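> Sending over work_31.cif (mmCIF, C-alpha atoms and all ligand atoms).
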```cif
data_input
#
loop_
_atom_site.label_atom_id
_atom_site.label_comp_id
_atom_site.auth_asym_id
_atom_site.auth_seq_id
_atom_site.Cartn_x
_atom_site.Cartn_y
_atom_site.Cartn_z
CA MET A 1 -34.82 1.05 -27.09
CA THR A 2 -32.77 1.31 -23.91
CA VAL A 3 -29.24 -0.05 -24.10
CA VAL A 4 -28.47 -2.22 -21.08
CA ILE A 5 -24.70 -1.90 -21.10
CA ASP A 6 -23.04 -5.31 -20.97
CA CYS A 7 -20.38 -4.63 -18.34
CA VAL A 8 -19.66 -8.34 -17.90
CA ALA A 9 -18.56 -8.51 -21.55
CA ILE A 10 -16.41 -5.39 -21.07
CA GLY A 11 -14.80 -7.00 -18.04
CA GLU A 12 -14.08 -10.19 -19.97
CA GLU A 13 -12.59 -8.28 -22.89
CA LEU A 14 -10.35 -6.33 -20.51
CA MET A 15 -9.26 -9.57 -18.86
CA GLN A 16 -8.17 -10.98 -22.22
CA GLU A 17 -6.11 -7.84 -22.85
CA ILE A 18 -4.56 -8.13 -19.36
CA VAL A 19 -3.68 -11.82 -19.83
CA LYS A 20 -2.04 -11.03 -23.19
CA GLU A 21 -0.03 -8.14 -21.77
CA THR A 22 1.03 -10.24 -18.77
CA GLU A 23 2.30 -12.97 -21.10
CA ASP A 24 4.35 -10.36 -23.00
CA ILE A 25 5.88 -9.01 -19.79
CA LYS A 26 6.65 -12.54 -18.57
CA LYS A 27 8.67 -13.14 -21.73
CA LYS A 28 11.05 -10.50 -20.34
CA GLY A 29 11.49 -12.57 -17.16
CA ILE A 30 9.24 -10.33 -15.04
CA THR A 31 5.94 -11.31 -13.41
CA PRO A 32 3.52 -8.60 -12.24
CA GLY A 33 2.36 -9.01 -8.63
CA ILE A 34 -0.23 -7.52 -6.29
CA ALA A 35 0.04 -7.53 -2.49
CA THR A 36 -3.05 -6.97 -0.38
CA LEU A 37 -2.81 -5.70 3.18
CA LEU A 38 -5.72 -6.81 5.35
CA VAL A 39 -5.45 -6.02 9.07
CA GLY A 40 -7.65 -8.33 11.14
CA GLU A 41 -10.69 -10.11 9.74
CA ASP A 42 -13.21 -7.55 8.45
CA PHE A 43 -15.78 -9.52 6.42
CA GLY A 44 -16.06 -7.13 3.43
CA ALA A 45 -12.28 -6.71 3.22
CA ARG A 46 -11.82 -10.51 3.35
CA MET A 47 -14.26 -10.95 0.47
CA TYR A 48 -12.42 -8.33 -1.58
CA ARG A 49 -9.05 -9.98 -0.77
CA LYS A 50 -10.33 -13.30 -2.09
CA GLN A 51 -11.49 -11.66 -5.32
CA VAL A 52 -8.10 -10.01 -5.87
CA GLU A 53 -6.37 -13.35 -5.30
CA LYS A 54 -8.68 -15.04 -7.83
CA PHE A 55 -8.13 -12.38 -10.50
CA CYS A 56 -4.36 -12.50 -9.96
CA GLU A 57 -4.46 -16.25 -10.54
CA GLU A 58 -6.56 -15.84 -13.71
CA ALA A 59 -4.24 -13.18 -15.14
CA GLY A 60 -1.01 -15.02 -14.27
CA PHE A 61 0.08 -12.44 -11.66
CA ASN A 62 1.90 -13.25 -8.44
CA TYR A 63 -0.20 -12.64 -5.37
CA PHE A 64 1.05 -11.72 -1.89
CA ASN A 65 -1.18 -11.83 1.16
CA GLU A 66 -0.25 -9.74 4.23
CA ASN A 67 -2.75 -10.32 7.02
CA PRO A 68 -1.51 -9.24 10.46
CA PRO A 69 -3.90 -9.74 13.41
CA ALA A 70 -6.32 -7.00 14.47
CA ASP A 71 -4.21 -6.09 17.54
CA VAL A 72 -1.06 -5.32 15.51
CA THR A 73 0.51 -1.89 16.15
CA GLU A 74 0.61 0.92 13.58
CA GLU A 75 4.43 0.74 13.55
CA GLU A 76 4.29 -2.95 12.67
CA VAL A 77 1.85 -2.30 9.80
CA ILE A 78 4.08 0.47 8.49
CA GLU A 79 7.03 -1.93 8.58
CA ILE A 80 5.01 -4.38 6.44
CA VAL A 81 4.28 -1.65 3.89
CA LYS A 82 8.00 -0.70 3.77
CA LYS A 83 8.89 -4.36 3.22
CA LEU A 84 6.42 -4.52 0.30
CA ASN A 85 7.81 -1.25 -1.10
CA ASN A 86 11.27 -2.86 -1.18
CA ASN A 87 10.12 -6.15 -2.70
CA SER A 88 10.67 -5.92 -6.47
CA ALA A 89 8.23 -8.82 -7.06
CA VAL A 90 5.40 -6.64 -5.72
CA SER A 91 4.18 -4.27 -8.45
CA GLY A 92 1.21 -2.88 -6.55
CA ILE A 93 0.08 -2.63 -2.92
CA LEU A 94 -3.59 -2.62 -2.04
CA PRO A 95 -4.57 -1.73 1.54
CA LEU A 96 -7.96 -3.27 2.35
CA ARG A 97 -9.93 -1.14 4.75
CA PRO A 98 -11.40 -0.64 7.29
CA PHE A 99 -8.33 -0.87 9.54
CA PRO A 100 -8.72 -1.37 13.30
CA GLU A 101 -8.94 1.85 15.34
CA GLN A 102 -5.27 1.99 16.40
CA ILE A 103 -4.09 2.11 12.76
CA SER A 104 -4.34 5.45 11.02
CA ASP A 105 -5.42 5.15 7.38
CA SER A 106 -3.37 8.13 6.34
CA ALA A 107 -0.19 6.91 8.11
CA VAL A 108 -0.36 3.64 6.17
CA ILE A 109 -1.36 5.16 2.85
CA SER A 110 1.31 7.82 2.87
CA THR A 111 3.94 5.11 3.44
CA ILE A 112 3.04 3.28 0.21
CA ASP A 113 5.55 3.83 -2.60
CA VAL A 114 3.74 6.21 -4.99
CA ASN A 115 4.72 3.93 -7.88
CA LYS A 116 3.01 0.95 -6.21
CA ASP A 117 -0.16 2.83 -5.18
CA ILE A 118 -2.42 1.05 -7.69
CA ASP A 119 -5.75 2.32 -6.33
CA CYS A 120 -4.62 5.95 -6.06
CA PHE A 121 -4.87 6.33 -2.28
CA HIS A 122 -1.64 8.29 -1.73
CA PRO A 123 -2.13 12.10 -1.51
CA PHE A 124 0.57 12.55 -4.18
CA ASN A 125 -1.39 10.40 -6.65
CA MET A 126 -4.70 12.05 -5.68
CA GLY A 127 -3.02 15.40 -6.39
CA LYS A 128 -1.89 14.19 -9.80
CA LEU A 129 -5.41 12.93 -10.48
CA ALA A 130 -6.86 16.34 -9.62
CA MET A 131 -4.38 17.96 -12.03
CA GLY A 132 -5.43 15.63 -14.84
CA GLU A 133 -2.14 13.71 -14.80
CA ALA A 134 -3.16 10.53 -12.99
CA THR A 135 -0.66 7.67 -13.11
CA PHE A 136 -3.07 5.28 -11.43
CA PRO A 137 -6.67 6.49 -11.77
CA PRO A 138 -8.55 4.61 -9.03
CA ALA A 139 -10.23 1.37 -10.05
CA THR A 140 -13.95 2.09 -9.56
CA PRO A 141 -14.00 5.60 -11.07
CA SER A 142 -11.88 4.44 -14.01
CA ALA A 143 -14.22 1.48 -14.51
CA VAL A 144 -17.04 4.02 -14.98
CA ILE A 145 -14.94 5.97 -17.50
CA GLU A 146 -14.03 2.76 -19.37
CA ILE A 147 -17.72 1.78 -19.58
CA LEU A 148 -18.74 5.23 -20.86
CA GLU A 149 -15.90 5.38 -23.40
CA ARG A 150 -16.83 1.99 -24.82
CA TYR A 151 -20.51 2.96 -24.86
CA ALA A 152 -19.66 6.23 -26.70
CA ARG A 153 -17.74 4.40 -29.42
CA GLU A 154 -20.15 1.51 -29.86
CA TYR A 155 -23.55 3.17 -29.56
CA GLU A 156 -23.05 6.90 -30.09
CA LYS A 157 -20.34 6.39 -32.76
CA MET A 158 -18.42 9.16 -31.04
CA GLU A 159 -14.85 9.55 -29.88
CA PRO A 160 -14.86 9.64 -26.05
CA LYS A 161 -13.35 13.14 -26.14
CA ASP A 162 -16.37 14.52 -28.01
CA PHE A 163 -18.75 12.47 -25.90
CA PHE A 164 -17.52 13.96 -22.60
CA GLU A 165 -16.85 17.55 -23.67
CA GLY A 166 -19.66 19.77 -22.43
CA ALA A 167 -21.84 16.83 -21.33
CA GLU A 168 -23.94 17.54 -18.25
CA ILE A 169 -22.67 14.92 -15.82
CA VAL A 170 -23.99 14.55 -12.30
CA VAL A 171 -22.12 12.36 -9.80
CA VAL A 172 -24.10 11.39 -6.70
CA GLY A 173 -21.71 10.67 -3.82
CA HIS A 174 -18.48 12.44 -2.87
CA SER A 175 -16.40 9.79 -1.11
CA ASN A 176 -12.62 9.90 -1.50
CA ILE A 177 -12.72 6.47 -3.14
CA VAL A 178 -15.49 6.85 -5.71
CA GLY A 179 -17.41 10.13 -6.04
CA LYS A 180 -14.61 12.67 -5.68
CA PRO A 181 -12.03 11.03 -7.98
CA LEU A 182 -14.79 10.28 -10.48
CA ALA A 183 -15.78 13.94 -10.50
CA TYR A 184 -12.15 14.84 -11.28
CA LEU A 185 -11.97 12.28 -14.07
CA VAL A 186 -15.04 13.68 -15.85
CA LEU A 187 -14.14 17.30 -15.11
CA ASN A 188 -10.70 16.70 -16.64
CA ARG A 189 -12.52 15.44 -19.73
CA ASN A 190 -14.28 18.83 -19.86
CA ALA A 191 -17.72 17.65 -18.81
CA THR A 192 -19.91 20.15 -16.97
CA THR A 193 -19.64 18.41 -13.64
CA THR A 194 -22.01 18.54 -10.68
CA VAL A 195 -21.39 16.59 -7.50
CA ALA A 196 -24.39 15.87 -5.27
CA HIS A 197 -24.19 14.24 -1.85
CA VAL A 198 -26.11 13.63 1.32
CA PHE A 199 -26.42 17.36 2.08
CA THR A 200 -27.90 17.94 -1.39
CA SER A 201 -30.56 15.36 -0.49
CA MET A 202 -31.08 16.84 2.97
CA LYS A 203 -31.88 20.23 1.40
CA GLY A 204 -34.33 18.51 -0.96
CA ASN A 205 -32.24 19.45 -3.98
CA LEU A 206 -31.15 16.05 -5.32
CA GLU A 207 -33.80 15.81 -8.02
CA LYS A 208 -33.11 19.37 -9.22
CA HIS A 209 -29.57 18.31 -10.12
CA THR A 210 -30.05 14.71 -11.23
CA LYS A 211 -32.93 15.68 -13.57
CA GLY A 212 -30.52 17.86 -15.54
CA ALA A 213 -27.98 15.10 -16.14
CA ASP A 214 -27.19 13.75 -19.61
CA ILE A 215 -25.07 11.22 -17.74
CA LEU A 216 -26.06 10.33 -14.20
CA ILE A 217 -23.54 8.38 -12.12
CA VAL A 218 -24.76 7.20 -8.74
CA ALA A 219 -22.40 6.05 -5.97
CA ALA A 220 -24.22 6.61 -2.69
CA GLY A 221 -24.77 3.10 -1.31
CA LYS A 222 -28.53 3.70 -0.86
CA ALA A 223 -30.93 1.26 -2.51
CA ASP A 224 -33.67 2.96 -4.55
CA LEU A 225 -32.19 6.44 -4.03
CA ILE A 226 -32.79 7.18 -7.71
CA GLY A 227 -36.23 6.55 -9.21
CA PRO A 228 -37.89 7.82 -12.40
CA ASP A 229 -38.58 11.24 -10.82
CA GLN A 230 -34.85 11.85 -10.49
CA VAL A 231 -33.89 10.97 -14.07
CA LYS A 232 -34.16 12.95 -17.30
CA GLU A 233 -35.79 11.10 -20.22
CA GLY A 234 -32.99 9.80 -22.44
CA ALA A 235 -30.22 10.03 -19.82
CA ILE A 236 -27.36 7.56 -19.54
CA VAL A 237 -27.46 6.05 -16.03
CA ILE A 238 -24.46 4.38 -14.43
CA ASP A 239 -25.19 2.70 -11.10
CA VAL A 240 -22.10 2.14 -8.94
CA GLY A 241 -23.96 1.32 -5.71
CA ILE A 242 -23.95 -2.14 -4.18
CA ASN A 243 -26.57 -2.83 -1.50
CA ARG A 244 -27.90 -6.01 0.13
CA VAL A 245 -31.68 -5.78 0.59
CA LYS A 246 -34.42 -8.17 1.72
CA VAL A 247 -36.44 -9.92 -0.97
CA LEU A 248 -40.12 -8.96 -0.54
CA ASP A 249 -43.28 -10.70 -1.77
CA GLU A 250 -46.27 -8.96 -3.48
CA LYS A 251 -47.58 -7.84 -0.07
CA GLY A 252 -44.26 -6.28 0.85
CA GLU A 253 -43.46 -9.04 3.38
CA PRO A 254 -39.93 -10.53 3.59
CA VAL A 255 -39.50 -13.85 1.76
CA LEU A 256 -37.80 -16.40 4.03
CA ASN A 257 -35.12 -18.93 3.10
CA ASP A 258 -34.90 -22.62 4.17
CA LYS A 259 -33.50 -21.55 7.55
CA GLY A 260 -36.40 -19.16 8.19
CA LYS A 261 -34.19 -16.12 7.68
CA PRO A 262 -35.11 -13.29 5.26
CA LYS A 263 -33.78 -13.89 1.75
CA THR A 264 -31.53 -11.09 0.48
CA LYS A 265 -30.37 -9.89 -2.93
CA THR A 266 -27.88 -7.39 -4.32
CA VAL A 267 -29.20 -4.17 -5.86
CA GLY A 268 -27.76 -0.82 -6.88
CA ASP A 269 -28.78 2.72 -5.93
CA VAL A 270 -31.09 3.09 -8.95
CA SER A 271 -34.57 1.50 -9.10
CA PHE A 272 -33.63 -0.37 -12.26
CA ASP A 273 -37.09 -1.60 -13.38
CA ALA A 274 -38.70 1.81 -12.93
CA VAL A 275 -35.90 3.79 -14.61
CA LYS A 276 -34.86 1.39 -17.37
CA ASP A 277 -37.40 2.37 -20.03
CA MET A 278 -36.86 6.11 -19.74
CA ALA A 279 -33.05 5.91 -19.90
CA LYS A 280 -31.11 5.86 -23.15
CA ALA A 281 -28.61 3.49 -21.56
CA ILE A 282 -28.23 1.96 -18.11
CA THR A 283 -26.03 -0.46 -16.17
CA THR A 284 -27.29 -3.27 -13.94
CA VAL A 285 -26.37 -4.37 -10.42
CA PRO A 286 -25.07 -7.04 -10.18
CA GLY A 287 -23.28 -7.43 -13.51
CA GLY A 288 -22.43 -3.73 -13.80
CA VAL A 289 -19.55 -1.48 -12.79
CA GLY A 290 -18.25 -4.13 -10.37
CA SER A 291 -17.51 -6.45 -13.33
CA VAL A 292 -14.99 -3.90 -14.62
CA THR A 293 -13.52 -2.47 -11.39
CA ASN A 294 -11.08 -5.29 -10.58
CA ARG A 295 -9.81 -5.32 -14.14
CA MET A 296 -8.94 -1.61 -13.89
CA LEU A 297 -6.99 -2.39 -10.74
CA MET A 298 -5.04 -5.05 -12.62
CA LYS A 299 -4.36 -2.66 -15.48
CA ASN A 300 -2.87 -0.27 -12.94
CA ALA A 301 -0.75 -3.12 -11.54
CA LEU A 302 0.59 -3.84 -15.04
CA LYS A 303 1.43 -0.17 -15.43
CA ALA A 304 3.14 -0.15 -12.02
CA CYS A 305 5.11 -3.26 -12.98
CA LYS A 306 6.36 -1.53 -16.13
CA ILE A 307 7.24 1.68 -14.26
CA ASN A 308 9.06 -0.20 -11.50
CA HIS A 309 11.08 -2.29 -13.97
CA GLY A 310 11.77 0.58 -16.36
CA LEU A 311 9.89 -1.15 -19.22
P1 LIG B 1 -19.37 5.90 0.95
O1 LIG B 1 -17.98 6.19 1.38
O2 LIG B 1 -20.38 5.46 1.96
O3 LIG B 1 -19.92 7.22 0.23
C1 LIG B 1 -21.26 7.34 -0.15
C2 LIG B 1 -21.48 8.74 -0.69
O4 LIG B 1 -22.85 8.89 -1.01
C3 LIG B 1 -21.13 9.83 0.31
O5 LIG B 1 -20.50 10.86 -0.38
C4 LIG B 1 -22.49 10.25 0.85
O6 LIG B 1 -22.51 11.62 1.22
C5 LIG B 1 -23.37 10.04 -0.35
N1 LIG B 1 -24.75 9.80 0.04
C6 LIG B 1 -25.20 8.97 1.02
N2 LIG B 1 -26.55 9.05 1.11
C7 LIG B 1 -26.94 9.92 0.17
C8 LIG B 1 -28.20 10.45 -0.21
N3 LIG B 1 -29.32 10.07 0.40
N4 LIG B 1 -28.22 11.36 -1.21
C9 LIG B 1 -27.10 11.76 -1.82
N5 LIG B 1 -25.88 11.31 -1.49
C10 LIG B 1 -25.80 10.41 -0.51
O7 LIG B 1 -19.40 4.81 -0.19
P2 LIG B 1 -18.39 4.59 -1.44
O8 LIG B 1 -17.21 3.83 -1.01
O9 LIG B 1 -18.22 5.88 -2.16
O10 LIG B 1 -19.29 3.61 -2.30
C11 LIG B 1 -20.54 4.04 -2.82
C12 LIG B 1 -21.32 2.83 -3.28
O11 LIG B 1 -20.61 2.22 -4.35
C13 LIG B 1 -21.50 1.74 -2.22
O12 LIG B 1 -22.74 1.11 -2.42
C14 LIG B 1 -20.38 0.76 -2.52
O13 LIG B 1 -20.69 -0.55 -2.11
C15 LIG B 1 -20.34 0.86 -4.03
N6 LIG B 1 -19.06 0.50 -4.64
C16 LIG B 1 -19.13 -0.20 -5.78
C17 LIG B 1 -17.97 -0.55 -6.43
C18 LIG B 1 -18.06 -1.30 -7.72
O14 LIG B 1 -17.04 -1.73 -8.23
N7 LIG B 1 -19.25 -1.44 -8.27
C19 LIG B 1 -16.73 -0.19 -5.91
C20 LIG B 1 -16.69 0.58 -4.75
C21 LIG B 1 -17.88 0.94 -4.13
P3 LIG B 1 -21.87 12.09 2.64
O15 LIG B 1 -20.42 11.72 2.60
O16 LIG B 1 -22.07 13.56 2.63
O17 LIG B 1 -22.61 11.35 3.69
#
```
Taking this structure as input, can you express it in the form of structure tokens?


Amino acid sequence: MTVVIDCVAIGEELMQEIVKETEDIKKKGITPGIATLLVGEDFGARMYRKQVEKFCEEAGFNYFNENPPADVTEEEVIEIVKKLNNNSAVSGILPLRPFPEQISDSAVISTIDVNKDIDCFHPFNMGKLAMGEATFPPATPSAVIEILERYAREYEKMEPKDFFEGAEIVVVGHSNIVGKPLAYLVLNRNATTTVAHVFTSMKGNLEKHTKGADILIVAAGKADLIGPDQVKEGAIVIDVGINRVKVLDEKGEPVLNDKGKPKTKTVGDVSFDAVKDMAKAITTVPGGVGSVTNRMLMKNALKACKINHGL
């Protein structure tokens, strides 16, 4: 029977570990803290900011909110980052993108203190990640690794090392935030690693690669990109994608809400119902990778706190 991996339970377990570790650090008179940097009012970034604030509160972290207006200059944003670098109460800095046009992502990111770069944006930390020496493996890719490691121990009765070594892993998506760092994380665990992306699909080659995967990890942001034809029988399928789609009735017509607007729901990149029975294990959306991602960010913040205080 297919294992539907309970990522919510993994997230809760991690949170308990984080709360416990935070209490131990606080006994030394130090409180971990995360600062978010949101420039302007982007909706998605605002939602993410709120989530980080909530998790900080739950874990007993300090939380710092930097939110300059959208017309701020790049120099002013860089000054904010420098101020956060010099604030010993801030363990980790999280820039929330997109930034307005006049602010260069790379100018901001390369100003962040490498020991406060808790989502691994800085080129120095990306370099370390590529070399297999990551200090702060980025949150979403490390959530995927955490899920697979726990799955390996619990269901395959295998040490993660043996589970990854030589496994045929296909990552769909090659963004700097998810696909690329994830590919490094599995490659550094000696998996045979294939990265597919939009050009793979455009050449009609996506299925050729995904069908060969023992472990298929999809992070493309395209609902229903992966159906049963793209999955090998008995594969482990990890769906990172988050998409808002219209709810349809049996005739394929949009279902309307009380206000007469189409109802929407959150789905992943994998057609869950169609793929579920052929997979050995699968994650859901919602209730999947996203339930673990923020916890991995907080684990990195704890690590940063310890590094910055010499603990
Ligand atoms: P992104 O920057 O838009 O990257 C998407 C990647 O998928 C790109 O590499 C793109 O290739 C590739 N792609 C797009 N269409 C494709 C297709 N038809 N076939 C194959 N590859 C295709 O997005 P992201 O930031 O990496 O995020 C990916 C998804 O994960 C999104 O749905 C996002 O919401 C979700 N996400 C989830 C979490 C979580 O915690 N669960 C965290 C972060 C992101 P090209 O670059 O060549 O176009």

> List the spatial neighbours of region 292-294 of chain A as a VMD selection string - criterion: any atom at most 9 Å away, all atoms listed in the file, same-chain residues fewer than 2 positions off excluded.

chain A and resid 7 to 8 10 to 12 14 51 to 52 55 138 to 144 146 to 147 288 to 290 296 to 299

> Compute the set of protein, DNA and RNA residues whose minimum atom distance to ligand LIG 1 (chain B) is at most 9 Å, using only C-alpha atoms and all ligand atoms, and state it as a VMD selection string.

chain A and resid 139 to 141 143 to 144 172 to 180 196 to 202 206 218 to 223 225 to 226 239 to 243 268 to 269 285 to 294

> Please, what distance in Å, to one decimal, runs between CA of Thr36 (chain A) and CA of Asn85 (chain A)?

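That distance, rounded to one decimal, is 12.3 Å.
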
> Restricting the calculation to all atoms listed in the file: of A:Ile236, A:Ile217, A:Gly40, A:Asn308, which residue gets closest to Glu156 (chain A)?

A:Ile236

> Please indicate the distance in Å from CA of Thr22 (chain A) to CA of Ala301 (chain A), rounded to one decimal place.

10.3 Å

> Would you mind listing what lies within 10 Å of Phe121 (chain A) as a count of residues only, with only C-alpha atoms counted and same-chain residues fewer than 5 positions away left out?

15

> Distance cut-off 9 Å, centre (-0.1, -4.0, 9.1) in file coordinates, counting all atoms listed in the file: which residues qualify? Return them as number ranges by chain.

A: 37-40, 66-70, 72-81, 99, 103, 108

> Dump as a VMD selection string all residues having an atom at most 9 Å from (-16.5, 5.4, -24.0), computed in the file's coordinates with only C-alpha atoms.

chain A and resid 145 to 154 158 to 161 163 to 164

> A:Gly127, A:Gly132, A:Gly33, A:Gly92: which is nearest Asp113 (chain A), counting only C-alpha atoms?

A:Gly92

> If I take CA of Phe61 (chain A) and CA of Lys28 (chain A), how far is one from the other in Å, to one decimal?

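CA of Lys28 (chain A) lies 14.1 Å from CA of Phe61 (chain A).
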
> Give me, as an MDAnalysis selection string, all polymer residues having an atom no more than 12 Å from Gly60 (chain A), counting only C-alpha atoms and skipping those fewer than 4 positions away in the same chain.

chainID A and resid 15:16 18:26 30:34 53:56 298 302

> Which residue out of A:Asp229, A:Ala130, A:Ile5, A:Glu207 has the minimum interatomic distance to Leu187 (chain A) when all atoms listed in the file are used?

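That would be A:Ala130, the residue with the smallest distance to Leu187 (chain A).
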
> When distances are computed from all atoms listed in the file, which of A:Leu248, A:Ala279, A:Val3, A:Ile307 shows the smallest separation from Thr264 (chain A)?

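Nearest candidate to Thr264 (chain A) out of A:Leu248, A:Ala279, A:Val3, A:Ile307: A:Leu248.
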
> Under the rule that all atoms listed in the file are counted, which of A:Asn86, A:Thr111, A:Asn300, A:Thr210 is the nearest residue to Phe124 (chain A)?

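The closest residue to Phe124 (chain A) is A:Thr111.
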
> Ranking A:Met278, A:Cys120, A:Val245, A:Ala235 by minimum distance to Met1 (chain A) and counting all atoms listed in the file, which one comes first?

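Looking at the shortest contact to Met1 (chain A), the residue is A:Met278.
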
> Could you write region 127-140 of chain A of the block just shown to a file containing N, CA, C and O atoms, as a CSV table (one decimal), in the first residue's frame?


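Final output, saved to out03.csv:
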```
chain,number,residue,atom,x,y,z
A,127,GLY,N,28.2,28.4,-2.7
A,127,GLY,CA,29.4,27.8,-3.1
A,127,GLY,C,29.7,26.6,-2.1
A,127,GLY,O,30.1,25.5,-2.6
A,128,LYS,N,29.5,26.9,-0.9
A,128,LYS,CA,29.8,25.9,0.2
A,128,LYS,C,28.8,24.7,0.0
A,128,LYS,O,29.2,23.5,0.1
A,129,LEU,N,27.6,25.0,-0.4
A,129,LEU,CA,26.6,24.0,-0.6
A,129,LEU,C,27.0,23.1,-1.8
A,129,LEU,O,26.9,21.9,-1.7
A,130,ALA,N,27.4,23.7,-2.8
A,130,ALA,CA,27.9,23.0,-4.0
A,130,ALA,C,29.0,22.0,-3.7
A,130,ALA,O,29.1,20.9,-4.2
A,131,MET,N,29.9,22.5,-2.7
A,131,MET,CA,31.0,21.7,-2.4
A,131,MET,C,30.7,20.6,-1.3
A,131,MET,O,31.6,19.9,-0.9
A,132,GLY,N,29.4,20.6,-0.9
A,132,GLY,CA,29.0,19.6,0.1
A,132,GLY,C,29.4,20.0,1.5
A,132,GLY,O,29.5,19.1,2.4
A,133,GLU,N,29.6,21.3,1.7
A,133,GLU,CA,29.9,21.8,3.1
A,133,GLU,C,29.0,22.8,3.5
A,133,GLU,O,29.4,23.8,4.2
A,134,ALA,N,27.7,22.7,3.2
A,134,ALA,CA,26.7,23.7,3.5
A,134,ALA,C,26.6,24.0,5.0
A,134,ALA,O,26.5,23.1,5.8
A,135,THR,N,26.7,25.3,5.4
A,135,THR,CA,26.4,25.7,6.8
A,135,THR,C,24.9,25.8,6.9
A,135,THR,O,24.4,25.4,7.9
A,136,PHE,N,24.3,26.5,6.0
A,136,PHE,CA,22.9,26.7,6.0
A,136,PHE,C,22.2,26.1,4.8
A,136,PHE,O,21.9,26.9,3.9
A,137,PRO,N,22.0,24.8,4.7
A,137,PRO,CA,21.3,24.3,3.5
A,137,PRO,C,19.9,25.0,3.4
A,137,PRO,O,19.2,25.1,4.4
A,138,PRO,N,19.5,25.5,2.2
A,138,PRO,CA,18.3,26.3,2.1
A,138,PRO,C,17.0,25.5,2.6
A,138,PRO,O,17.0,24.3,2.5
A,139,ALA,N,16.1,26.2,3.1
A,139,ALA,CA,15.0,25.6,3.8
A,139,ALA,C,14.1,24.6,3.0
A,139,ALA,O,13.9,23.5,3.5
A,140,THR,N,13.7,25.0,1.8
A,140,THR,CA,12.8,24.0,1.1
A,140,THR,C,13.6,22.8,0.7
A,140,THR,O,13.1,21.7,0.9
```
